[in-house]
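I have placed the structure first, in the form of structure tokens, so that the comments after it can refer back to it.
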Amino acid sequence: MAIQIVMDHTGDTRHHFNPEDVQALAKAEERFKKLTGLGFTAAVRTASGEVSKVQSFDPNAEETVFFPRLVGG
Amino acid sequence: MRIHALRQLYRKALAENTSDARGLRLMRRWLSPDQRAEFDHSGSFEVVGCHSGTRYRIYRGTAQNVFEIDDAGWLIVGLCFIPSGELVAGDVMLAQKIALETNENEALAVAHRFLPRGSFARTRLRRPRRHYGAFFS
């Protein structure tokens, strides 16, 4: 199972999906596009623990985290 | 003694099923092993900016909790940038880490700068992080 984690006021909302399931994968890609379109940043972790920002949906990503647009505090 | 009590409080808080605890658990999972150990020990962790190689220290908090640090670990200047919306501390800190490690220039472009003050100003008078092990032992 893969997971998309969207940060929000509850801590986060998690969307699990089976990357082998074509429909679930399409829904995950749609969610990715919607969130990044709203200004969210998407990031994934490599196996070694390194973090990288992603601009497009990666169907092989096991865990993607989304956080809202940055603003000056 | 105070540090021990704070660590116990932190471990207890981490185990709770609250939005704060969920945010902290998510952040801990995304920290590198060194950052995680550092955060568990001192309540802050260091990141390196992807563009400049500058070192930053992120403290637990939701605002005015990021500082550029020098080679010795002293705080130089504060940088206030946060993800929009009402997010919990763990989420904010994780977003700040990811931003500095993957898109430093964008984070700096929106950040407001401030001088360390209050408890953070006093941090400057303490030993740099790399001496914490000896300091607390």
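Note on naming: chains are A, B, ... as they come in the structure tokens, residues start from 1 per chain, ligands start from 1 in the order shown.
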Can I get the residues of chain A within 10 Å of chain B, each with the closest pair of atoms and their distance in Å to one decimal, using only C-alpha atoms, sorted chain first then ascending number, as a Markdown table?
| residue | atom | partner | partner_atom | distance |
| --- | --- | --- | --- | --- |
| A:Ile5 | CA | B:Leu26 | CA | 9.3 |
| A:Val6 | CA | B:Asp91 | CA | 9.8 |
| A:Met7 | CA | B:Asp91 | CA | 6.5 |
| A:Asp8 | CA | B:Leu87 | CA | 5.7 |
| A:His9 | CA | B:Leu87 | CA | 4.8 |
| A:Thr10 | CA | B:Ser19 | CA | 5.0 |
| A:Gly11 | CA | B:Ser19 | CA | 4.5 |
| A:Asp12 | CA | B:Gly23 | CA | 7.1 |
| A:Phe40 | CA | B:Pro83 | CA | 9.1 |
| A:Thr41 | CA | B:Ala99 | CA | 8.7 |
| A:Ala42 | CA | B:Ile98 | CA | 9.5 |
| A:Ala43 | CA | B:Ile98 | CA | 7.5 |
| A:Val44 | CA | B:Trp30 | CA | 9.4 |
| A:Arg45 | CA | B:Trp30 | CA | 7.5 |
| A:Ser48 | CA | B:Ser32 | CA | 8.7 |
| A:Gly49 | CA | B:Ser32 | CA | 5.9 |
| A:Glu50 | CA | B:Ser32 | CA | 7.3 |
| A:Val51 | CA | B:Ile98 | CA | 6.8 |
| A:Ser52 | CA | B:Thr102 | CA | 5.9 |
| A:Lys53 | CA | B:Thr102 | CA | 5.9 |
| A:Val54 | CA | B:Thr102 | CA | 9.5 |
| A:Val65 | CA | B:Ala95 | CA | 9.3 |
| A:Phe66 | CA | B:Ala95 | CA | 8.6 |
| A:Phe67 | CA | B:Ala95 | CA | 6.3 |
| A:Pro68 | CA | B:Pro83 | CA | 5.2 |
| A:Arg69 | CA | B:Pro83 | CA | 5.4 |
| A:Leu70 | CA | B:Pro83 | CA | 4.2 |
| A:Val71 | CA | B:Phe81 | CA | 5.5 |
| A:Gly72 | CA | B:Phe81 | CA | 4.3 |
| A:Gly73 | CA | B:Cys80 | CA | 4.9 |
| query | Looking only at the backbone, which of the residues in chain A does DSSP tag as alpha helix (DSSP H), as a PyMOL selection string? | reply | chain A and resi 22-37
| request: Find the distance between atom CA of B:Ala37 and atom CA of B:Tyr59 and write it in Å to one decimal. | output: 13.7 Å
| Residues within 9 Å of A:Ala61, only C-alpha atoms, excluding chain neighbours under 2 positions, as a VMD selection string | chain A and resid 2 to 3 44 to 46 57 to 59 63 to 64
Take the selection from the previous step and output its residues with N, CA and C atoms, as an mmCIF file, in the first residue's frame.
data_model
loop_
_atom_site.group_PDB
_atom_site.id
_atom_site.type_symbol
_atom_site.label_atom_id
_atom_site.label_comp_id
_atom_site.auth_asym_id
_atom_site.auth_seq_id
_atom_site.Cartn_x
_atom_site.Cartn_y
_atom_site.Cartn_z
ATOM 1 N N ALA A 2 0.444 2.234 -0.781
ATOM 2 C CA ALA A 2 1.123 3.528 -0.781
ATOM 3 C C ALA A 2 0.245 4.508 -0.006
ATOM 4 N N ILE A 3 0.835 5.636 0.332
ATOM 5 C CA ILE A 3 0.076 6.585 1.144
ATOM 6 C C ILE A 3 0.403 8.028 0.741
ATOM 7 N N VAL A 44 8.765 13.452 -1.227
ATOM 8 C CA VAL A 44 8.858 12.007 -0.991
ATOM 9 C C VAL A 44 10.173 11.723 -0.265
ATOM 10 N N ARG A 45 10.233 10.552 0.324
ATOM 11 C CA ARG A 45 11.437 10.109 1.016
ATOM 12 C C ARG A 45 12.051 8.953 0.252
ATOM 13 N N THR A 46 13.364 8.964 0.120
ATOM 14 C CA THR A 46 14.030 7.820 -0.501
ATOM 15 C C THR A 46 14.243 6.765 0.584
ATOM 16 N N PHE A 57 3.413 13.522 -10.334
ATOM 17 C CA PHE A 57 2.996 12.313 -9.625
ATOM 18 C C PHE A 57 3.947 11.150 -9.914
ATOM 19 N N ASP A 58 4.418 10.513 -8.852
ATOM 20 C CA ASP A 58 5.290 9.354 -8.994
ATOM 21 C C ASP A 58 4.513 8.117 -8.548
ATOM 22 N N PRO A 59 4.115 7.261 -9.482
ATOM 23 C CA PRO A 59 3.310 6.090 -9.112
ATOM 24 C C PRO A 59 4.067 5.092 -8.239
ATOM 25 N N GLU A 63 5.394 6.861 -0.079
ATOM 26 C CA GLU A 63 4.850 7.835 0.869
ATOM 27 C C GLU A 63 5.116 9.241 0.351
ATOM 28 N N THR A 64 4.056 9.997 0.175
ATOM 29 C CA THR A 64 4.184 11.386 -0.278
ATOM 30 C C THR A 64 3.527 12.280 0.759
#
| message | Which of chain A end up as strand (DSSP E) when DSSP is run on this backbone - answer as a PyMOL selection string? | response | chain A and resi 2-8+11-17+41-45+51-54+63-67+70-72
| field | Two-atom distance - atom CA of B:Arg57, atom CA of B:Trp74 (Å) | value |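 Atom CA of B:Trp74 lies 9.5 Å from atom CA of B:Arg57.
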| message | Just checking: using only C-alpha atoms, which residue out of B:Met27, B:Ala15, B:Leu100, B:His4 ends up closest to B:Phe39? | response | B:Met27
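We find atom CA of A:Gln4 and atom CA of B:Ile58 to be spaced 24.5 Å apart.
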